[in-house]
$ cat final.tsv   # TSV, C-alpha atoms and all ligand atoms
chain	number	residue	atom	x	y	z
J	1	MET	CA	-9.48	-66.65	90.08
J	2	LYS	CA	-12.82	-66.72	91.84
J	3	ARG	CA	-12.77	-68.56	95.15
J	4	ILE	CA	-15.47	-71.17	95.51
J	5	SER	CA	-17.07	-72.20	98.79
J	6	VAL	CA	-18.83	-75.49	99.27
J	7	ALA	CA	-20.76	-75.85	102.54
J	8	ILE	CA	-21.50	-79.36	103.76
J	9	ASP	CA	-23.66	-79.62	106.86
J	10	GLY	CA	-25.34	-82.52	108.58
J	11	PRO	CA	-25.48	-84.62	111.75
J	12	SER	CA	-22.50	-86.51	113.17
J	13	GLY	CA	-21.64	-89.77	111.46
J	14	ALA	CA	-23.26	-88.94	108.12
J	15	GLY	CA	-19.80	-89.30	106.57
J	16	LYS	CA	-19.32	-85.56	106.15
J	17	SER	CA	-15.63	-85.40	106.96
J	18	THR	CA	-14.52	-88.35	104.82
J	19	ILE	CA	-16.70	-87.31	101.91
J	20	ALA	CA	-15.85	-83.60	102.16
J	21	ARG	CA	-12.11	-84.35	102.40
J	22	ALA	CA	-12.20	-86.59	99.33
J	23	ALA	CA	-14.27	-84.07	97.33
J	24	ALA	CA	-11.89	-81.26	98.30
J	25	LYS	CA	-8.91	-83.32	97.18
J	26	THR	CA	-10.45	-84.08	93.79
J	27	LEU	CA	-11.32	-80.42	93.24
J	28	GLY	CA	-8.00	-79.08	94.60
J	29	PHE	CA	-9.85	-77.12	97.31
J	30	LEU	CA	-8.94	-76.79	100.97
J	31	TYR	CA	-10.91	-79.07	103.29
J	32	VAL	CA	-11.99	-77.32	106.48
J	33	ASP	CA	-13.32	-79.49	109.31
J	34	THR	CA	-15.00	-76.94	111.60
J	35	GLY	CA	-15.95	-79.53	114.23
J	36	ALA	CA	-12.24	-79.62	115.18
J	37	LEU	CA	-12.50	-75.99	116.31
J	38	TYR	CA	-15.36	-76.74	118.71
J	39	ARG	CA	-13.53	-79.84	119.90
J	40	ALA	CA	-10.42	-77.75	120.68
J	41	ILE	CA	-12.52	-75.46	122.87
J	42	GLY	CA	-14.16	-78.52	124.44
J	43	LEU	CA	-10.68	-79.82	125.26
J	44	ALA	CA	-9.69	-76.49	126.83
J	45	VAL	CA	-12.82	-76.54	129.04
J	46	CYS	CA	-12.24	-80.21	129.97
J	47	ARG	CA	-8.62	-79.55	130.91
J	48	ARG	CA	-9.67	-76.75	133.23
J	49	GLY	CA	-11.96	-79.19	134.96
J	50	TYR	CA	-14.92	-76.99	134.10
J	51	ASP	CA	-18.50	-78.06	133.52
J	52	ALA	CA	-19.27	-77.70	129.81
J	53	PHE	CA	-22.95	-77.12	130.66
J	54	ASP	CA	-21.98	-74.04	132.67
J	55	ARG	CA	-22.11	-71.15	130.22
J	56	GLN	CA	-20.12	-68.77	132.41
J	57	GLU	CA	-17.32	-71.28	132.94
J	58	VAL	CA	-17.14	-71.95	129.21
J	59	ILE	CA	-17.06	-68.25	128.37
J	60	SER	CA	-14.37	-67.60	130.98
J	61	VAL	CA	-11.96	-69.86	129.07
J	62	LEU	CA	-12.17	-67.91	125.81
J	63	PRO	CA	-9.91	-64.92	126.63
J	64	ASP	CA	-7.08	-67.32	127.52
J	65	ILE	CA	-7.13	-69.44	124.41
J	66	GLN	CA	-6.05	-69.19	120.84
J	67	VAL	CA	-7.37	-71.72	118.34
J	68	GLU	CA	-5.73	-72.04	114.95
J	69	LEU	CA	-5.96	-74.24	111.88
J	70	ARG	CA	-2.79	-75.08	109.99
J	71	TYR	CA	-2.17	-77.40	107.08
J	72	LEU	CA	0.66	-79.93	107.01
J	73	LEU	CA	0.97	-81.95	103.79
J	74	ASP	CA	-2.63	-80.99	102.96
J	75	MET	CA	-3.85	-82.33	106.31
J	76	GLN	CA	-5.69	-79.99	108.62
J	77	ARG	CA	-4.18	-79.71	112.10
J	78	VAL	CA	-5.79	-77.84	114.95
J	79	TYR	CA	-3.73	-75.92	117.52
J	80	LEU	CA	-4.74	-74.85	120.99
J	81	ASN	CA	-2.42	-72.16	122.35
J	82	GLY	CA	0.26	-73.35	119.96
J	83	GLU	CA	-0.09	-77.06	120.87
J	84	ASP	CA	-1.12	-79.50	118.16
J	85	VAL	CA	-4.22	-81.16	119.67
J	86	SER	CA	-5.46	-82.81	116.45
J	87	GLU	CA	-5.41	-86.32	117.93
J	88	LEU	CA	-6.35	-85.43	121.51
J	89	ILE	CA	-9.71	-84.01	120.41
J	90	ARG	CA	-10.85	-87.28	118.78
J	91	THR	CA	-12.32	-89.02	121.84
J	92	PRO	CA	-15.99	-89.59	122.71
J	93	GLN	CA	-15.47	-87.51	125.88
J	94	ILE	CA	-14.22	-84.48	123.96
J	95	ALA	CA	-17.02	-84.96	121.40
J	96	GLN	CA	-19.53	-84.47	124.23
J	97	PHE	CA	-17.66	-81.42	125.52
J	98	ALA	CA	-17.59	-80.01	121.99
J	99	SER	CA	-21.31	-80.51	121.55
J	100	ARG	CA	-21.99	-78.68	124.82
J	101	VAL	CA	-19.67	-75.73	124.27
J	102	SER	CA	-20.95	-75.34	120.72
J	103	SER	CA	-24.35	-74.25	122.07
J	104	VAL	CA	-22.81	-71.14	123.62
J	105	GLN	CA	-23.21	-68.09	121.38
J	106	GLU	CA	-19.90	-66.57	122.56
J	107	VAL	CA	-18.07	-69.74	121.48
J	108	ARG	CA	-19.67	-69.56	118.04
J	109	ASP	CA	-18.78	-65.86	117.73
J	110	PHE	CA	-15.22	-66.66	118.82
J	111	LEU	CA	-14.87	-69.16	115.93
J	112	LEU	CA	-16.74	-67.22	113.25
J	113	GLY	CA	-13.76	-65.18	112.03
J	114	ILE	CA	-11.41	-68.17	111.61
J	115	GLN	CA	-13.98	-69.95	109.46
J	116	ARG	CA	-14.90	-66.99	107.26
J	117	ASP	CA	-11.24	-66.12	106.86
J	118	MET	CA	-10.45	-69.60	105.50
J	119	ALA	CA	-13.20	-69.23	102.88
J	120	ALA	CA	-12.14	-65.67	101.99
J	121	LYS	CA	-8.57	-66.78	101.26
J	122	ASN	CA	-9.13	-70.20	99.69
J	123	SER	CA	-11.56	-72.26	97.67
J	124	VAL	CA	-12.95	-74.53	100.35
J	125	VAL	CA	-15.09	-77.50	101.11
J	126	MET	CA	-16.14	-76.71	104.67
J	127	ASP	CA	-18.06	-79.13	106.83
J	128	GLY	CA	-20.01	-78.44	110.00
J	129	ARG	CA	-23.52	-77.82	111.27
J	130	ASP	CA	-24.22	-74.19	110.37
J	131	ILE	CA	-21.91	-73.50	107.44
J	132	GLY	CA	-24.67	-73.00	104.88
J	133	THR	CA	-26.97	-71.21	107.32
J	134	VAL	CA	-24.68	-68.95	109.39
J	135	ILE	CA	-20.98	-69.05	108.51
J	136	LEU	CA	-21.16	-68.92	104.71
J	137	PRO	CA	-24.75	-68.03	103.81
J	138	GLN	CA	-23.46	-66.97	100.38
J	139	ALA	CA	-21.67	-70.30	99.73
J	140	ASP	CA	-21.65	-71.26	96.05
J	141	VAL	CA	-22.84	-74.79	96.80
J	142	LYS	CA	-24.67	-76.09	99.88
J	143	ILE	CA	-25.18	-79.74	100.65
J	144	PHE	CA	-27.03	-81.25	103.61
J	145	LEU	CA	-25.65	-84.71	104.15
J	146	THR	CA	-27.53	-87.18	106.27
J	147	ALA	CA	-28.09	-90.91	106.91
J	148	SER	CA	-30.22	-93.00	109.26
J	149	ALA	CA	-29.17	-92.99	112.95
J	150	GLU	CA	-28.31	-96.72	112.79
J	151	LYS	CA	-26.10	-96.32	109.74
J	152	ARG	CA	-24.36	-93.31	111.25
J	153	ALA	CA	-23.70	-95.15	114.53
J	154	GLU	CA	-22.35	-98.20	112.68
J	155	ARG	CA	-19.95	-96.02	110.70
J	156	ARG	CA	-18.79	-94.04	113.73
J	157	CYS	CA	-18.25	-97.28	115.64
J	158	ALA	CA	-16.11	-98.74	112.87
J	159	GLU	CA	-14.12	-95.50	112.66
J	160	LEU	CA	-13.39	-95.43	116.40
J	161	ARG	CA	-12.48	-99.13	116.44
J	162	GLU	CA	-10.09	-98.55	113.59
J	163	LYS	CA	-8.40	-95.97	115.79
J	164	GLY	CA	-8.02	-98.64	118.46
J	165	GLN	CA	-10.83	-97.41	120.72
J	166	ASP	CA	-12.86	-100.07	122.48
J	167	VAL	CA	-16.43	-98.98	121.78
J	168	GLU	CA	-19.79	-100.71	121.74
J	169	LEU	CA	-22.48	-100.04	119.10
J	170	GLY	CA	-25.31	-99.47	121.60
J	171	GLN	CA	-23.23	-96.89	123.46
J	172	VAL	CA	-22.20	-95.11	120.25
J	173	LEU	CA	-25.85	-94.98	119.14
J	174	ALA	CA	-26.89	-93.53	122.53
J	175	ASP	CA	-24.05	-90.95	122.49
J	176	MET	CA	-24.98	-90.00	118.96
J	177	ALA	CA	-28.67	-89.58	119.80
J	178	ARG	CA	-27.74	-87.34	122.74
J	179	ARG	CA	-25.42	-85.25	120.61
J	180	ASP	CA	-27.96	-85.04	117.74
J	181	SER	CA	-30.66	-83.74	120.02
J	182	LEU	CA	-28.30	-81.17	121.58
J	183	ASP	CA	-27.08	-80.03	118.14
J	184	ALA	CA	-30.56	-79.82	116.61
J	185	GLY	CA	-32.41	-78.61	119.70
J	186	ARG	CA	-30.15	-75.77	120.79
J	187	ALA	CA	-31.37	-72.20	120.54
J	188	VAL	CA	-28.15	-70.98	118.95
J	189	ALA	CA	-27.33	-72.00	115.37
J	190	PRO	CA	-29.20	-75.33	115.53
J	191	LEU	CA	-28.43	-78.01	113.00
J	192	ARG	CA	-30.85	-77.50	110.14
J	193	GLN	CA	-30.86	-77.66	106.38
J	194	ALA	CA	-30.48	-74.32	104.59
J	195	PRO	CA	-33.46	-73.72	102.28
J	196	ASP	CA	-31.13	-73.63	99.28
J	197	ALA	CA	-29.11	-76.75	100.25
J	198	VAL	CA	-29.27	-79.99	98.29
J	199	LEU	CA	-30.27	-82.92	100.53
J	200	LEU	CA	-28.18	-86.07	100.15
J	201	ASP	CA	-29.07	-89.19	102.17
J	202	THR	CA	-26.11	-91.59	102.21
J	203	SER	CA	-27.82	-94.44	104.14
J	204	ASP	CA	-27.82	-96.74	101.11
J	205	LEU	CA	-24.73	-95.40	99.36
J	206	THR	CA	-21.17	-96.70	99.60
J	207	LEU	CA	-18.46	-94.19	100.40
J	208	GLU	CA	-17.44	-94.00	96.73
J	209	GLU	CA	-21.04	-93.47	95.62
J	210	SER	CA	-21.45	-90.72	98.23
J	211	ILE	CA	-18.29	-88.94	97.08
J	212	ASP	CA	-19.42	-89.19	93.45
J	213	ALA	CA	-22.85	-87.83	94.35
J	214	VAL	CA	-21.31	-84.85	96.18
J	215	LEU	CA	-18.94	-84.13	93.29
J	216	ARG	CA	-21.85	-84.29	90.84
J	217	ILE	CA	-23.82	-81.78	92.93
J	218	ILE	CA	-20.83	-79.43	93.13
J	219	ARG	CA	-20.00	-79.69	89.43
J	220	LYS	CA	-23.60	-79.24	88.40
J	221	ALA	CA	-23.91	-76.10	90.51
J	222	GLN	CA	-20.53	-74.71	89.70
J	223	ASP	CA	-19.29	-76.16	86.47
J	224	VAL	CA	-15.88	-76.82	88.12
S	1	LIG	O1	-18.26	-82.74	113.50
S	1	LIG	P1	-17.77	-83.05	114.89
S	1	LIG	O2	-18.33	-84.32	115.47
S	1	LIG	O3	-16.28	-83.03	114.99
S	1	LIG	O4	-18.33	-81.84	115.78
S	1	LIG	C1	-18.15	-81.77	117.17
S	1	LIG	C2	-19.28	-80.95	117.78
S	1	LIG	O5	-19.15	-79.59	117.41
S	1	LIG	C3	-20.69	-81.36	117.37
S	1	LIG	O6	-21.38	-81.98	118.43
S	1	LIG	C4	-21.41	-80.11	117.01
S	1	LIG	C5	-20.39	-79.04	117.07
S	1	LIG	N1	-20.26	-78.31	115.80
S	1	LIG	C6	-21.05	-77.20	115.62
S	1	LIG	O7	-21.87	-76.87	116.47
S	1	LIG	N2	-20.91	-76.46	114.49
S	1	LIG	C7	-20.03	-76.81	113.54
S	1	LIG	N3	-19.91	-76.06	112.45
S	1	LIG	C8	-19.24	-77.97	113.70
S	1	LIG	C9	-19.39	-78.72	114.84

$ encode --input "final.tsv" --output "structure tokens" --more "lines below"
Ligand code: DC
Amino acid sequence: MKRISVAIDGPSGAGKSTIARAAAKTLGFLYVDTGALYRAIGLAVCRRGYDAFDRQEVISVLPDIQVELRYLLDMQRVYLNGEDVSELIRTPQIAQFASRVSSVQEVRDFLLGIQRDMAAKNSVVMDGRDIGTVILPQADVKIFLTASAEKRAERRCAELREKGQDVELGQVLADMARRDSLDAGRAVAPLRQAPDAVLLDTSDLTLEESIDAVLRIIRKAQDV
């Protein structure tokens, strides 16, 4: 059977992971959250006490680490040198580290194979920043998912609070703006919409409406 790749890119907080996971489940595809890979490297750099803005320090960590994705009961888990770090990477601090290390070309090269391998072996819905532009330029379907900065910050805030983190909307909005400008402004694989991607703005859509819209785009393109 032909393997199908769906690339979903967009800024943080646009609802990519929730929407992509739900779409993957409906279609019976594997959901691949590529941000977790950058977060795992961010965690490794943070644990060393290194400065994530220092390219050489970041690069020096790479030969000593192994990053892996495994699936337990259909849930993606990320492993750093054999340790399951799936929860540890979900903090605002590691998000900032991830954003910084992700601007280093060597880090992106280090993670390229894992991502392409997942798509070569499975039908996937893969979310990230450069999936449609760099990782899977031949993806069968490409979607660029976005929403206004305010809506994205509100959603991220609610998500973190649900996880028991004590966060404040203004701070989340500021963190998000900083991360957005790093992700979009970097020289290496900046966040941008692939020319052949379908743009979907979820600012005024509920989660269910967003999932339906994504499924419609995929089915229309793919007849799956
Ligand atoms: O999606 P996320 O918030 O878990 O991503 C964490 C960081 O990793 C984000 O700031 C940008 C970076 N990233 C990237 O550069 N390329 C990807 N494909 C996924 C994430």

$ residues_around --input "final.tsv" --residues "Ile94 (chain J)" --least-positions-apart "2" --cutoff "9 Å" --atoms "only C-alpha atoms" --output "VMD selection string"
chain J and resid 39 to 40 42 to 43 46 88 to 92 96 to 99

$ residues_around --input "final.tsv" --residues "region 49-55 of chain J" --least-positions-apart "3" --cutoff "7 Å" --atoms "only C-alpha atoms" --output "ChimeraX atom specification"
/J:45-46,58-59,97,100-101,104

$ residues_around --input "final.tsv" --residues "Ala187 (chain J)" --least-positions-apart "3" --cutoff "12 Å" --atoms "only C-alpha atoms" --output "list in words"
Ser102, Ser103, Val104, Gln105, Ser181, Leu182, Asp183, Ala184, Pro190, Leu191 and Arg192 of chain J

$ residues_around --input "final.tsv" --residues "Leu69 (chain J)" --least-positions-apart "4" --cutoff "8 Å" --atoms "only C-alpha atoms" --output "VMD selection string"
chain J and resid 76 to 79

$ closest_residue --input "final.tsv" --among "J:Leu207, J:Ala147, J:Ile131, J:Val107" --to "ligand LIG 1 (chain S)" --atoms "all atoms listed in the file"
J:Ile131

$ residues_around --input "final.tsv" --residues "Glu154 (chain J)" --least-positions-apart "5" --cutoff "9 Å" --atoms "all atoms listed in the file" --output "ChimeraX atom specification"
/J:13,149,159,169,172-173

$ axis_aligned_box --input "final.tsv" --around "region 78-95 of chain J" --padding-each-side "8 Å" --output "AutoDock Vina command-line options"
--center_x -8.4 --center_y -80.9 --center_z 120.4 --size_x 33.3 --size_y 33.4 --size_z 26.9

$ atom_distance --input "final.tsv" --atom1 "CA of Ile41 (chain J)" --atom2 "CA of Gly128 (chain J)"
15.2 Å

$ closest_residue --input "final.tsv" --among "J:Gln56, J:Thr133, J:Gln66, J:Thr26" --to "ligand LIG 1 (chain S)" --atoms "all atoms listed in the file"
J:Thr133

$ closest_residue --input "final.tsv" --among "J:Ala189, J:Leu72, J:Ala44, J:Ala24" --to "ligand LIG 1 (chain S)" --atoms "all atoms listed in the file"
J:Ala189

$ closest_residue --input "final.tsv" --among "J:Ile114, J:Leu30, J:Leu205, J:Leu199" --to "Val6 (chain J)" --atoms "only C-alpha atoms"
J:Leu30

$ closest_residue --input "final.tsv" --among "J:Met176, J:Ala120, J:Met126, J:Ala95" --to "ligand LIG 1 (chain S)" --atoms "all atoms listed in the file"
J:Ala95

$ atom_distance --input "final.tsv" --atom1 "atom O3 of ligand LIG 1 (chain S)" --atom2 "CA of Ala36 (chain J)"
5.3 Å

$ residues_near_point --input "final.tsv" --point "(-26.2, -83.8, 109.3)" --cutoff "7 Å" --atoms "all atoms listed in the file" --output "PyMOL selection string"
chain J and resi 9-12+14+129+144-146

$ atom_distance --input "final.tsv" --atom1 "CA of Pro195 (chain J)" --atom2 "CA of Gln115 (chain J)"
21.1 Å

$ closest_residue --input "final.tsv" --among "J:Lys220, J:Lys142, J:Lys16, J:Lys121" --to "ligand LIG 1 (chain S)" --atoms "all atoms listed in the file"
J:Lys16
